[in-house]
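**Q** File input_18.pdb below, PDB, C-alpha atoms:
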ATOM      1  CA  MET A   1     -19.199  16.459 -26.406
ATOM      2  CA  VAL A   2     -22.407  14.911 -25.055
ATOM      3  CA  THR A   3     -22.754  13.072 -28.365
ATOM      4  CA  SER A   4     -19.201  11.727 -28.026
ATOM      5  CA  PHE A   5     -19.914  10.383 -24.526
ATOM      6  CA  VAL A   6     -23.146   8.734 -25.730
ATOM      7  CA  ILE A   7     -21.295   7.102 -28.638
ATOM      8  CA  LEU A   8     -18.538   6.004 -26.222
ATOM      9  CA  ILE A   9     -21.026   4.282 -23.897
ATOM     10  CA  LEU A  10     -22.912   2.685 -26.788
ATOM     11  CA  GLY A  11     -19.589   1.610 -28.296
ATOM     12  CA  PHE A  12     -18.498  -0.101 -25.075
ATOM     13  CA  THR A  13     -21.867  -1.813 -24.722
ATOM     14  CA  ALA A  14     -21.851  -3.090 -28.309
ATOM     15  CA  LEU A  15     -18.186  -4.125 -28.032
ATOM     16  CA  VAL A  16     -18.684  -6.238 -24.902
ATOM     17  CA  TRP A  17     -21.906  -7.801 -26.201
ATOM     18  CA  SER A  18     -20.508  -8.604 -29.645
ATOM     19  CA  ALA A  19     -17.349 -10.081 -28.069
ATOM     20  CA  ASP A  20     -19.526 -12.398 -25.992
ATOM     21  CA  ARG A  21     -21.546 -13.441 -29.062
ATOM     22  CA  PHE A  22     -18.380 -13.975 -31.104
ATOM     23  CA  VAL A  23     -16.867 -16.256 -28.464
ATOM     24  CA  TYR A  24     -20.166 -18.127 -28.051
ATOM     25  CA  GLY A  25     -20.444 -18.748 -31.791
ATOM     26  CA  ALA A  26     -16.767 -19.632 -32.253
ATOM     27  CA  ALA A  27     -16.737 -22.042 -29.298
ATOM     28  CA  ALA A  28     -19.968 -23.739 -30.369
ATOM     29  CA  LEU A  29     -18.754 -24.092 -33.962
ATOM     30  CA  ALA A  30     -15.413 -25.535 -32.817
ATOM     31  CA  LYS A  31     -17.302 -28.005 -30.626
ATOM     32  CA  ASN A  32     -19.462 -29.067 -33.551
ATOM     33  CA  VAL A  33     -16.492 -29.741 -35.842
ATOM     34  CA  GLY A  34     -14.843 -31.989 -33.260
ATOM     35  CA  VAL A  35     -12.345 -29.798 -31.399
ATOM     36  CA  SER A  36     -11.906 -31.039 -27.815
ATOM     37  CA  THR A  37     -13.686 -29.205 -25.019
ATOM     38  CA  LEU A  38     -10.386 -28.697 -23.160
ATOM     39  CA  ILE A  39      -8.733 -26.960 -26.105
ATOM     40  CA  ILE A  40     -11.790 -24.770 -26.756
ATOM     41  CA  GLY A  41     -12.031 -23.830 -23.078
ATOM     42  CA  LEU A  42      -8.368 -22.905 -22.768
ATOM     43  CA  THR A  43      -8.241 -20.954 -26.042
ATOM     44  CA  VAL A  44     -11.481 -19.561 -27.463
ATOM     45  CA  VAL A  45     -13.360 -19.216 -24.159
ATOM     46  CA  ALA A  46     -10.301 -18.043 -22.207
ATOM     47  CA  MET A  47      -9.614 -15.340 -24.807
ATOM     48  CA  GLY A  48     -13.170 -14.081 -24.596
ATOM     49  CA  SER A  49     -12.573 -11.479 -21.898
ATOM     50  CA  SER A  50      -9.645 -10.039 -23.888
ATOM     51  CA  ALA A  51     -11.627  -9.695 -27.121
ATOM     52  CA  PRO A  52     -12.664  -6.057 -26.386
ATOM     53  CA  GLU A  53      -9.029  -5.053 -25.745
ATOM     54  CA  MET A  54      -8.006  -6.843 -28.919
ATOM     55  CA  MET A  55     -10.452  -5.013 -31.158
ATOM     56  CA  VAL A  56      -9.752  -1.647 -29.545
ATOM     57  CA  SER A  57      -6.006  -2.128 -29.983
ATOM     58  CA  VAL A  58      -6.403  -3.090 -33.644
ATOM     59  CA  SER A  59      -8.653  -0.094 -34.350
ATOM     60  CA  ALA A  60      -6.320   2.284 -32.505
ATOM     61  CA  ALA A  61      -3.226   0.979 -34.297
ATOM     62  CA  LEU A  62      -4.934   1.276 -37.687
ATOM     63  CA  ALA A  63      -5.820   4.877 -36.800
ATOM     64  CA  ASN A  64      -2.125   5.586 -36.060
ATOM     65  CA  LYS A  65      -2.912   5.769 -32.327
ATOM     66  CA  THR A  66      -0.406   3.182 -31.114
ATOM     67  CA  ASP A  67      -0.063   4.959 -27.749
ATOM     68  CA  THR A  68      -3.793   4.408 -27.217
ATOM     69  CA  ALA A  69      -3.458   0.722 -28.113
ATOM     70  CA  VAL A  70      -0.514   0.256 -25.743
ATOM     71  CA  GLY A  71      -2.202   2.301 -23.015
ATOM     72  CA  ASN A  72      -5.312   0.153 -23.344
ATOM     73  CA  VAL A  73      -3.351  -3.040 -22.649
ATOM     74  CA  ILE A  74      -1.189  -1.698 -19.824
ATOM     75  CA  GLY A  75      -4.132   0.193 -18.323
ATOM     76  CA  SER A  76      -6.396  -2.863 -18.539
ATOM     77  CA  ASN A  77      -3.841  -5.010 -16.704
ATOM     78  CA  ILE A  78      -3.488  -2.403 -13.974
ATOM     79  CA  THR A  79      -7.265  -2.043 -13.772
ATOM     80  CA  ASN A  80      -7.761  -5.815 -13.618
ATOM     81  CA  ILE A  81      -5.570  -6.139 -10.549
ATOM     82  CA  LEU A  82      -6.191  -2.912  -8.653
ATOM     83  CA  LEU A  83      -9.843  -2.247  -9.484
ATOM     84  CA  VAL A  84     -11.393  -5.572 -10.490
ATOM     85  CA  LEU A  85      -9.574  -7.705  -7.925
ATOM     86  CA  GLY A  86      -9.948  -4.992  -5.276
ATOM     87  CA  VAL A  87     -13.728  -4.711  -5.733
ATOM     88  CA  THR A  88     -14.106  -8.499  -5.971
ATOM     89  CA  ALA A  89     -12.205  -9.079  -2.706
ATOM     90  CA  LEU A  90     -14.406  -6.488  -0.991
ATOM     91  CA  PHE A  91     -17.436  -8.584  -1.957
ATOM     92  CA  ARG A  92     -15.842 -11.677  -0.411
ATOM     93  CA  PRO A  93     -12.271 -12.737   0.465
ATOM     94  CA  LEU A  94     -10.718 -14.912  -2.250
ATOM     95  CA  ASN A  95      -9.120 -18.283  -1.528
ATOM     96  CA  VAL A  96      -6.373 -19.408  -3.913
ATOM     97  CA  SER A  97      -6.182 -23.152  -4.505
ATOM     98  CA  SER A  98      -5.879 -23.803  -8.238
ATOM     99  CA  GLY A  99      -2.586 -25.314  -9.320
ATOM    100  CA  THR A 100      -3.023 -23.582 -12.670
ATOM    101  CA  LEU A 101      -3.194 -20.196 -10.968
ATOM    102  CA  LYS A 102      -0.101 -20.891  -8.903
ATOM    103  CA  ARG A 103       1.803 -21.605 -12.123
ATOM    104  CA  GLU A 104       0.416 -18.643 -14.028
ATOM    105  CA  ILE A 105       0.668 -15.903 -11.383
ATOM    106  CA  PRO A 106       4.515 -15.882 -11.427
ATOM    107  CA  LEU A 107       4.351 -15.987 -15.245
ATOM    108  CA  VAL A 108       2.420 -12.709 -15.255
ATOM    109  CA  LEU A 109       5.321 -11.068 -13.412
ATOM    110  CA  ILE A 110       7.904 -12.489 -15.813
ATOM    111  CA  ILE A 111       6.138 -11.267 -18.937
ATOM    112  CA  SER A 112       5.515  -7.899 -17.253
ATOM    113  CA  PHE A 113       9.279  -7.452 -16.905
ATOM    114  CA  VAL A 114       9.707  -8.540 -20.535
ATOM    115  CA  THR A 115       7.191  -5.872 -21.519
ATOM    116  CA  TRP A 116       9.139  -3.240 -19.595
ATOM    117  CA  TYR A 117      12.337  -4.264 -21.392
ATOM    118  CA  ILE A 118      10.617  -4.044 -24.789
ATOM    119  CA  PHE A 119       9.434  -0.486 -24.133
ATOM    120  CA  SER A 120      12.583   0.695 -22.355
ATOM    121  CA  ASP A 121      13.821   2.232 -25.628
ATOM    122  CA  ASN A 122      10.442   3.943 -26.162
ATOM    123  CA  TYR A 123       9.893   2.134 -29.461
ATOM    124  CA  PHE A 124       7.608  -0.776 -30.294
ATOM    125  CA  SER A 125       8.922  -2.649 -33.310
ATOM    126  CA  LEU A 126       7.480  -5.251 -35.654
ATOM    127  CA  THR A 127      10.063  -7.766 -34.422
ATOM    128  CA  GLU A 128       9.050  -7.218 -30.790
ATOM    129  CA  GLY A 129       5.378  -7.646 -31.675
ATOM    130  CA  ILE A 130       6.064 -10.920 -33.465
ATOM    131  CA  ALA A 131       8.230 -12.134 -30.547
ATOM    132  CA  LEU A 132       5.368 -11.541 -28.085
ATOM    133  CA  LEU A 133       2.948 -13.330 -30.382
ATOM    134  CA  ILE A 134       5.285 -16.328 -30.566
ATOM    135  CA  GLY A 135       5.371 -16.269 -26.769
ATOM    136  CA  PHE A 136       1.583 -16.470 -26.784
ATOM    137  CA  VAL A 137       1.617 -19.560 -29.022
ATOM    138  CA  VAL A 138       4.195 -21.200 -26.750
ATOM    139  CA  PHE A 139       2.141 -20.333 -23.649
ATOM    140  CA  ILE A 140      -1.126 -21.714 -25.035
ATOM    141  CA  SER A 141       0.585 -24.855 -26.323
ATOM    142  CA  GLY A 142       2.272 -25.436 -22.975
ATOM    143  CA  LEU A 143      -0.973 -24.849 -21.057
ATOM    144  CA  ILE A 144      -2.830 -27.383 -23.176
ATOM    145  CA  ILE A 145      -0.050 -29.985 -22.891
ATOM    146  CA  VAL A 146       0.217 -29.564 -19.104
ATOM    147  CA  SER A 147      -3.568 -29.800 -18.730
ATOM    148  CA  LEU A 148      -3.763 -32.951 -20.874
ATOM    149  CA  ARG A 149      -0.947 -34.637 -18.958
ATOM    150  CA  SER A 150      -2.041 -33.501 -15.506
ATOM    151  CA  LYS A 151      -3.189 -36.209 -13.114
ATOM    152  CA  ASN A 152      -5.475 -33.665 -11.475
ATOM    153  CA  LYS A 153      -8.451 -33.557 -13.822
ATOM    154  CA  ASN A 154     -10.455 -31.500 -11.342
ATOM    155  CA  ASP A 155      -8.400 -28.318 -11.328
ATOM    156  CA  PRO A 156     -11.183 -25.753 -10.781
ATOM    157  CA  LEU A 157      -9.820 -23.292 -13.324
ATOM    158  CA  VAL A 158      -9.620 -25.890 -16.099
ATOM    159  CA  VAL A 159     -12.982 -27.428 -15.188
ATOM    160  CA  GLU A 160     -14.662 -24.023 -15.222
ATOM    161  CA  ALA A 161     -13.161 -23.098 -18.594
ATOM    162  CA  CYS A 162     -14.498 -26.335 -20.040
ATOM    163  CA  ASP A 163     -17.918 -25.841 -18.425
ATOM    164  CA  ASP A 164     -18.243 -22.519 -20.251
ATOM    165  CA  VAL A 165     -18.051 -24.233 -23.642
ATOM    166  CA  PRO A 166     -21.606 -24.199 -25.074
ATOM    167  CA  ASN A 167     -23.249 -27.557 -25.770
ATOM    168  CA  ASN A 168     -26.037 -28.619 -28.116
ATOM    169  CA  VAL A 169     -25.855 -25.476 -30.248
ATOM    170  CA  SER A 170     -26.695 -26.012 -33.899
ATOM    171  CA  THR A 171     -24.037 -25.161 -36.471
ATOM    172  CA  LYS A 172     -26.446 -22.712 -38.110
ATOM    173  CA  LYS A 173     -26.974 -20.861 -34.825
ATOM    174  CA  ALA A 174     -23.236 -20.907 -34.051
ATOM    175  CA  LEU A 175     -22.446 -19.418 -37.472
ATOM    176  CA  PHE A 176     -25.132 -16.768 -37.000
ATOM    177  CA  TRP A 177     -23.628 -15.488 -33.738
ATOM    178  CA  LEU A 178     -20.110 -15.807 -35.102
ATOM    179  CA  VAL A 179     -20.978 -13.567 -38.051
ATOM    180  CA  ILE A 180     -22.799 -11.086 -35.778
ATOM    181  CA  GLY A 181     -19.689 -10.866 -33.615
ATOM    182  CA  ILE A 182     -17.346 -10.518 -36.590
ATOM    183  CA  VAL A 183     -19.426  -7.642 -37.996
ATOM    184  CA  LEU A 184     -20.142  -5.743 -34.769
ATOM    185  CA  LEU A 185     -16.708  -6.049 -33.131
ATOM    186  CA  PRO A 186     -14.808  -3.843 -35.611
ATOM    187  CA  VAL A 187     -17.735  -1.441 -36.073
ATOM    188  CA  SER A 188     -18.213  -0.864 -32.339
ATOM    189  CA  SER A 189     -14.468  -0.514 -31.715
ATOM    190  CA  TYR A 190     -14.194   2.003 -34.590
ATOM    191  CA  PHE A 191     -16.862   4.269 -33.106
ATOM    192  CA  LEU A 192     -15.468   3.762 -29.601
ATOM    193  CA  ILE A 193     -11.992   4.895 -30.635
ATOM    194  CA  GLY A 194     -13.390   7.834 -32.598
ATOM    195  CA  SER A 195     -15.436   9.103 -29.657
ATOM    196  CA  ALA A 196     -12.556   8.521 -27.229
ATOM    197  CA  VAL A 197     -10.233  10.607 -29.438
ATOM    198  CA  ASP A 198     -12.805  13.426 -29.534
ATOM    199  CA  ILE A 199     -13.102  13.367 -25.740
ATOM    200  CA  ALA A 200      -9.323  13.285 -25.341
ATOM    201  CA  LYS A 201      -8.910  16.327 -27.568
ATOM    202  CA  TYR A 202     -11.646  18.226 -25.727
ATOM    203  CA  PHE A 203     -10.049  17.673 -22.306
ATOM    204  CA  GLY A 204      -6.459  17.906 -23.531
ATOM    205  CA  LEU A 205      -5.649  14.258 -22.806
ATOM    206  CA  SER A 206      -2.864  12.426 -24.634
ATOM    207  CA  ASP A 207      -3.457   9.275 -26.686
ATOM    208  CA  LEU A 208      -1.731   7.300 -23.934
ATOM    209  CA  VAL A 209      -3.836   8.707 -21.090
ATOM    210  CA  ILE A 210      -7.143   8.042 -22.864
ATOM    211  CA  GLY A 211      -6.021   4.432 -23.316
ATOM    212  CA  LEU A 212      -4.899   4.080 -19.697
ATOM    213  CA  THR A 213      -8.092   5.509 -18.221
ATOM    214  CA  ILE A 214     -11.464   5.613 -19.974
ATOM    215  CA  ILE A 215     -10.795   2.862 -22.526
ATOM    216  CA  ALA A 216      -8.917   0.585 -20.100
ATOM    217  CA  ILE A 217     -11.702   0.760 -17.526
ATOM    218  CA  GLY A 218     -14.362   0.183 -20.158
ATOM    219  CA  THR A 219     -12.682  -2.870 -21.685
ATOM    220  CA  SER A 220     -12.112  -4.353 -18.209
ATOM    221  CA  LEU A 221     -15.845  -4.434 -17.445
ATOM    222  CA  PRO A 222     -16.207  -8.077 -18.626
ATOM    223  CA  GLU A 223     -13.515  -9.150 -16.135
ATOM    224  CA  LEU A 224     -15.254  -7.210 -13.350
ATOM    225  CA  ALA A 225     -18.626  -8.826 -14.087
ATOM    226  CA  ALA A 226     -17.124 -12.330 -14.434
ATOM    227  CA  SER A 227     -15.056 -12.033 -11.253
ATOM    228  CA  ILE A 228     -17.918 -10.776  -9.087
ATOM    229  CA  ALA A 229     -20.183 -13.498 -10.491
ATOM    230  CA  GLY A 230     -17.467 -16.040  -9.682
ATOM    231  CA  VAL A 231     -17.131 -15.124  -5.995
ATOM    232  CA  LEU A 232     -20.906 -14.927  -5.566
ATOM    233  CA  LYS A 233     -21.023 -18.560  -6.740
ATOM    234  CA  ASN A 234     -18.089 -19.488  -4.448
ATOM    235  CA  GLU A 235     -15.852 -20.042  -7.463
ATOM    236  CA  ASP A 236     -12.831 -18.112  -6.215
ATOM    237  CA  ASP A 237     -10.382 -19.636  -8.678
ATOM    238  CA  LEU A 238     -12.632 -18.629 -11.560
ATOM    239  CA  ALA A 239     -12.717 -15.043 -10.307
ATOM    240  CA  LEU A 240      -8.951 -14.824  -9.933
ATOM    241  CA  GLY A 241      -8.390 -16.895 -13.063
ATOM    242  CA  ASN A 242     -10.296 -14.351 -15.151
ATOM    243  CA  ILE A 243      -7.876 -11.651 -14.022
ATOM    244  CA  ILE A 244      -4.684 -13.689 -14.404
ATOM    245  CA  GLY A 245      -5.692 -15.153 -17.747
ATOM    246  CA  SER A 246      -6.785 -11.798 -19.105
ATOM    247  CA  ASN A 247      -3.501 -10.129 -18.131
ATOM    248  CA  ILE A 248      -1.446 -12.856 -19.813
ATOM    249  CA  PHE A 249      -3.579 -12.737 -22.951
ATOM    250  CA  ASN A 250      -3.451  -8.929 -23.030
ATOM    251  CA  ILE A 251       0.351  -8.842 -23.079
ATOM    252  CA  LEU A 252       1.047 -11.855 -25.281
ATOM    253  CA  ALA A 253      -1.928 -11.761 -27.686
ATOM    254  CA  VAL A 254      -3.321  -8.196 -27.689
ATOM    255  CA  LEU A 255      -0.267  -5.979 -27.210
ATOM    256  CA  PRO A 256       1.687  -7.490 -30.158
ATOM    257  CA  LEU A 257      -1.021  -6.359 -32.583
ATOM    258  CA  ALA A 258      -0.103  -2.705 -32.051
ATOM    259  CA  GLY A 259       3.552  -3.330 -32.875
ATOM    260  CA  ILE A 260       2.767  -5.524 -35.859
ATOM    261  CA  ILE A 261       0.165  -3.196 -37.374
ATOM    262  CA  ASN A 262       1.847   0.127 -36.632
ATOM    263  CA  PRO A 263       5.451  -0.008 -35.305
ATOM    264  CA  SER A 264       6.225   3.401 -33.842
ATOM    265  CA  MET A 265       7.713   5.524 -31.067
ATOM    266  CA  ILE A 266       5.881   5.185 -27.743
ATOM    267  CA  ASP A 267       5.263   7.782 -25.040
ATOM    268  CA  PRO A 268       8.228   7.536 -22.576
ATOM    269  CA  SER A 269       5.759   7.442 -19.659
ATOM    270  CA  VAL A 270       4.856   3.862 -20.610
ATOM    271  CA  ALA A 271       8.256   2.512 -19.514
ATOM    272  CA  SER A 272       9.059   5.055 -16.802
ATOM    273  CA  ARG A 273       5.661   5.036 -15.071
ATOM    274  CA  ASP A 274       2.841   2.790 -16.250
ATOM    275  CA  ILE A 275       4.601  -0.547 -16.756
ATOM    276  CA  LEU A 276       6.306  -0.062 -13.385
ATOM    277  CA  ILE A 277       2.866   0.415 -11.830
ATOM    278  CA  MET A 278       1.719  -2.772 -13.593
ATOM    279  CA  ILE A 279       4.737  -4.661 -12.218
ATOM    280  CA  GLY A 280       4.111  -3.302  -8.722
ATOM    281  CA  ALA A 281       0.455  -4.339  -8.886
ATOM    282  CA  THR A 282       1.485  -7.809 -10.056
ATOM    283  CA  ILE A 283       3.951  -8.187  -7.185
ATOM    284  CA  ALA A 284       1.204  -7.149  -4.762
ATOM    285  CA  LEU A 285      -1.051  -9.794  -6.300
ATOM    286  CA  ILE A 286       1.625 -12.465  -5.849
ATOM    287  CA  VAL A 287       2.265 -11.503  -2.226
ATOM    288  CA  MET A 288      -1.460 -11.535  -1.436
ATOM    289  CA  SER A 289      -2.463 -14.685  -3.311
ATOM    290  CA  LEU A 290       0.611 -16.797  -2.519
ATOM    291  CA  ASN A 291       0.732 -15.732   1.105
ATOM    292  CA  PHE A 292       3.876 -17.156   2.702
ATOM    293  CA  ARG A 293       2.086 -17.382   6.028
ATOM    294  CA  GLY A 294       0.039 -20.204   4.547
ATOM    295  CA  SER A 295      -3.408 -18.613   4.394
ATOM    296  CA  GLN A 296      -3.353 -18.178   0.584
ATOM    297  CA  ARG A 297      -6.289 -15.805   0.473
ATOM    298  CA  ILE A 298      -6.908 -12.210  -0.508
ATOM    299  CA  ASN A 299      -8.928 -10.557   2.260
ATOM    300  CA  ARG A 300     -11.129  -7.460   2.314
ATOM    301  CA  VAL A 301      -8.423  -5.234   3.780
ATOM    302  CA  GLU A 302      -6.078  -6.160   0.944
ATOM    303  CA  GLY A 303      -8.908  -5.623  -1.542
ATOM    304  CA  GLY A 304      -9.455  -2.163  -0.101
ATOM    305  CA  LEU A 305      -5.755  -1.357  -0.417
ATOM    306  CA  LEU A 306      -5.802  -2.388  -4.077
ATOM    307  CA  LEU A 307      -8.802  -0.148  -4.729
ATOM    308  CA  VAL A 308      -7.148   2.825  -2.994
ATOM    309  CA  ALA A 309      -4.025   2.232  -5.086
ATOM    310  CA  PHE A 310      -6.136   2.282  -8.268
ATOM    311  CA  LEU A 311      -7.843   5.550  -7.344
ATOM    312  CA  SER A 312      -4.470   7.075  -6.427
ATOM    313  CA  TYR A 313      -2.972   6.009  -9.757
ATOM    314  CA  GLN A 314      -5.864   7.456 -11.735
ATOM    315  CA  GLY A 315      -5.689  10.669  -9.717
ATOM    316  CA  TYR A 316      -1.955  10.957 -10.351
ATOM    317  CA  ILE A 317      -2.371  10.472 -14.117
ATOM    318  CA  PHE A 318      -4.996  13.196 -14.387
ATOM    319  CA  SER A 319      -2.947  15.524 -12.163
ATOM    320  CA  GLN A 320      -0.211  15.370 -14.813
ATOM    321  CA  VAL A 321      -2.526  16.432 -17.640
ATOM    322  CA  GLY A 322      -1.662  19.817 -19.021
TER     323      GLY A 322
END
In structure tokens, write the structure found in this file.
**A**
Amino acid sequence: MVTSFVILILGFTALVWSADRFVYGAAALAKNVGVSTLIIGLTVVAMGSSAPEMMVSVSAALANKTDTAVGNVIGSNITNILLVLGVTALFRPLNVSSGTLKREIPLVLIISFVTWYIFSDNYFSLTEGIALLIGFVVFISGLIIVSLRSKNKNDPLVVEACDDVPNNVSTKKALFWLVIGIVLLPVSSYFLIGSAVDIAKYFGLSDLVIGLTIIAIGTSLPELAASIAGVLKNEDDLALGNIIGSNIFNILAVLPLAGIINPSMIDPSVASRDILIMIGATIALIVMSLNFRGSQRINRVEGGLLLVAFLSYQGYIFSQVG
């Protein structure tokens, strides 16, 4: 069991690092072949924080562990709001000013309800996976079009995404890191899933629970690091944007992979418990960030409440084991 935990930690470390290298190489290569900085920033760079969830979901689905893949996505979204946003707000209250965020926050709620409807019959089909993926293409296309047509060229979220696109990187170096990422991502996710399954069996955890807890927290570490770094640099919209963007990408780009690769029955708890928690957390985020009293900020008290809610949710899940 000690070996499994060591492999799990090493797997998470390699997964996060290789995802970062993959995005760096892909973005630099796209820049070198003439793709616009805006498009790279809103696609390749924006998807970077969801790359760990994507590889874990693919590996889990291929291993016939669709519940783990689904739990990873739903659990990551819950973790992003309750844990990542909660801890970030405790560091410093977050002001919400980006027009992009104000458009995307309500969208998170809409697609969360769509997700609940999809899983309400406790089955994830190929058709539903493809439908979500089409929704992702529509979302990305719309985001790019709106950003190109917008008169406000200084939206902090868009500017920051573009600033993260690497410059002056040779094509040879970009290809090197791209290949490193392509090789290490599936390898690290394979060992991560294998060790997580061993741990789940040892403690009597279901495939769903291991995805909702250990794996979800681990794959949300990039969002936690990026969000804390954002508020420490007074880039509040970047911190919140990482969470919002990741949640949208998780549902529309990562979740469909499980249904497409391995359509199957899903644990009923997903629709009756976990997605409802995700919806509740999203509503709390909307109320806090789009404060109708006009302050439009998430303060430390609200951050503390989110963190308490996360700990309560995790405690409740483990209390149901066995």
**Q** With the file shown as input, list the residues that the PyMOL selection byres ((chain A and resi 104-117) around 9) selects, as an NGL selection string.
**A** :A and (99-103 or 118-121 or 132 or 244-245 or 247-248 or 251-252 or 270-272 or 275-276 or 278-279 or 282-283 or 285-286 or 289-290)
**Q** Using all atoms listed in the file, can you tell me which of A:Gly11, A:Ser4, A:Ile298, A:Ile210 comes closest to A:Ala284?
**A**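 Closest to A:Ala284, using all atoms listed in the file: A:Ile298.
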**Q** Since I can't run it myself right now, could you work out what the PyMOL selection byres ((chain A and resi 17-32) around 9) selects here and report it as a PyMOL selection string?
**A** chain A and resi 12-16+33-37+40-41+44-45+47-52+165-185+188
**Q** Please produce a file of those selected residues containing C-alpha atoms, as a compact mmCIF listing (two decimals), in the frame of the given file.
**A**
# COMPACT_ATOMS: atom_id res chain seq x y z
CA PHE A 12 -18.50 -0.10 -25.08
CA THR A 13 -21.87 -1.81 -24.72
CA ALA A 14 -21.85 -3.09 -28.31
CA LEU A 15 -18.19 -4.12 -28.03
CA VAL A 16 -18.68 -6.24 -24.90
CA VAL A 33 -16.49 -29.74 -35.84
CA GLY A 34 -14.84 -31.99 -33.26
CA VAL A 35 -12.34 -29.80 -31.40
CA SER A 36 -11.91 -31.04 -27.82
CA THR A 37 -13.69 -29.20 -25.02
CA ILE A 40 -11.79 -24.77 -26.76
CA GLY A 41 -12.03 -23.83 -23.08
CA VAL A 44 -11.48 -19.56 -27.46
CA VAL A 45 -13.36 -19.22 -24.16
CA MET A 47 -9.61 -15.34 -24.81
CA GLY A 48 -13.17 -14.08 -24.60
CA SER A 49 -12.57 -11.48 -21.90
CA SER A 50 -9.64 -10.04 -23.89
CA ALA A 51 -11.63 -9.70 -27.12
CA PRO A 52 -12.66 -6.06 -26.39
CA VAL A 165 -18.05 -24.23 -23.64
CA PRO A 166 -21.61 -24.20 -25.07
CA ASN A 167 -23.25 -27.56 -25.77
CA ASN A 168 -26.04 -28.62 -28.12
CA VAL A 169 -25.86 -25.48 -30.25
CA SER A 170 -26.70 -26.01 -33.90
CA THR A 171 -24.04 -25.16 -36.47
CA LYS A 172 -26.45 -22.71 -38.11
CA LYS A 173 -26.97 -20.86 -34.83
CA ALA A 174 -23.24 -20.91 -34.05
CA LEU A 175 -22.45 -19.42 -37.47
CA PHE A 176 -25.13 -16.77 -37.00
CA TRP A 177 -23.63 -15.49 -33.74
CA LEU A 178 -20.11 -15.81 -35.10
CA VAL A 179 -20.98 -13.57 -38.05
CA ILE A 180 -22.80 -11.09 -35.78
CA GLY A 181 -19.69 -10.87 -33.62
CA ILE A 182 -17.35 -10.52 -36.59
CA VAL A 183 -19.43 -7.64 -38.00
CA LEU A 184 -20.14 -5.74 -34.77
CA LEU A 185 -16.71 -6.05 -33.13
CA SER A 188 -18.21 -0.86 -32.34
**Q** Using atom CA of A:Ile140 and atom CA of A:Gly259 as the two end points, give the distance in Å to one decimal.
**A**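 Interatomic distance here is 20.5 Å.
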**Q** Suppose you want the space between atom CA of A:Ala226 and atom CA of A:Ser189; what is it in Å?
**A**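 Straight-line distance from atom CA of A:Ala226 to atom CA of A:Ser189 works out to 21.1 Å.
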**Q** Keeping C-alpha atoms, write stretch 14-45 of chain A of the structure just shown out as an mmCIF file, in the first residue's frame.
**A**
data_model
loop_
_atom_site.group_PDB
_atom_site.id
_atom_site.type_symbol
_atom_site.label_atom_id
_atom_site.label_comp_id
_atom_site.auth_asym_id
_atom_site.auth_seq_id
_atom_site.Cartn_x
_atom_site.Cartn_y
_atom_site.Cartn_z
ATOM 1 C CA ALA A 14 4.608 13.744 -13.516
ATOM 2 C CA LEU A 15 1.078 14.354 -14.838
ATOM 3 C CA VAL A 16 0.993 18.030 -13.842
ATOM 4 C CA TRP A 17 4.547 18.670 -15.056
ATOM 5 C CA SER A 18 4.072 16.902 -18.388
ATOM 6 C CA ALA A 19 0.762 18.739 -18.943
ATOM 7 C CA ASP A 20 2.567 22.043 -18.454
ATOM 8 C CA ARG A 21 5.333 21.024 -20.883
ATOM 9 C CA PHE A 22 2.793 19.797 -23.437
ATOM 10 C CA VAL A 23 0.890 23.088 -23.369
ATOM 11 C CA TYR A 24 4.139 25.081 -23.530
ATOM 12 C CA GLY A 25 5.342 23.142 -26.570
ATOM 13 C CA ALA A 26 1.963 23.156 -28.330
ATOM 14 C CA ALA A 27 1.432 26.892 -27.776
ATOM 15 C CA ALA A 28 4.951 27.782 -28.910
ATOM 16 C CA LEU A 29 4.653 25.595 -32.014
ATOM 17 C CA ALA A 30 1.265 27.109 -32.901
ATOM 18 C CA LYS A 31 2.778 30.575 -32.495
ATOM 19 C CA ASN A 32 5.646 29.678 -34.800
ATOM 20 C CA VAL A 33 3.367 28.413 -37.580
ATOM 21 C CA GLY A 34 1.343 31.629 -37.563
ATOM 22 C CA VAL A 35 -1.693 30.951 -35.367
ATOM 23 C CA SER A 36 -2.864 34.176 -33.691
ATOM 24 C CA THR A 37 -1.950 34.783 -30.065
ATOM 25 C CA LEU A 38 -5.626 35.294 -29.154
ATOM 26 C CA ILE A 39 -6.672 31.913 -30.528
ATOM 27 C CA ILE A 40 -3.737 30.129 -28.863
ATOM 28 C CA GLY A 41 -4.448 31.837 -25.539
ATOM 29 C CA LEU A 42 -8.143 30.993 -25.557
ATOM 30 C CA THR A 43 -7.652 27.382 -26.677
ATOM 31 C CA VAL A 44 -4.292 25.716 -26.046
ATOM 32 C CA VAL A 45 -3.281 27.784 -23.002
#
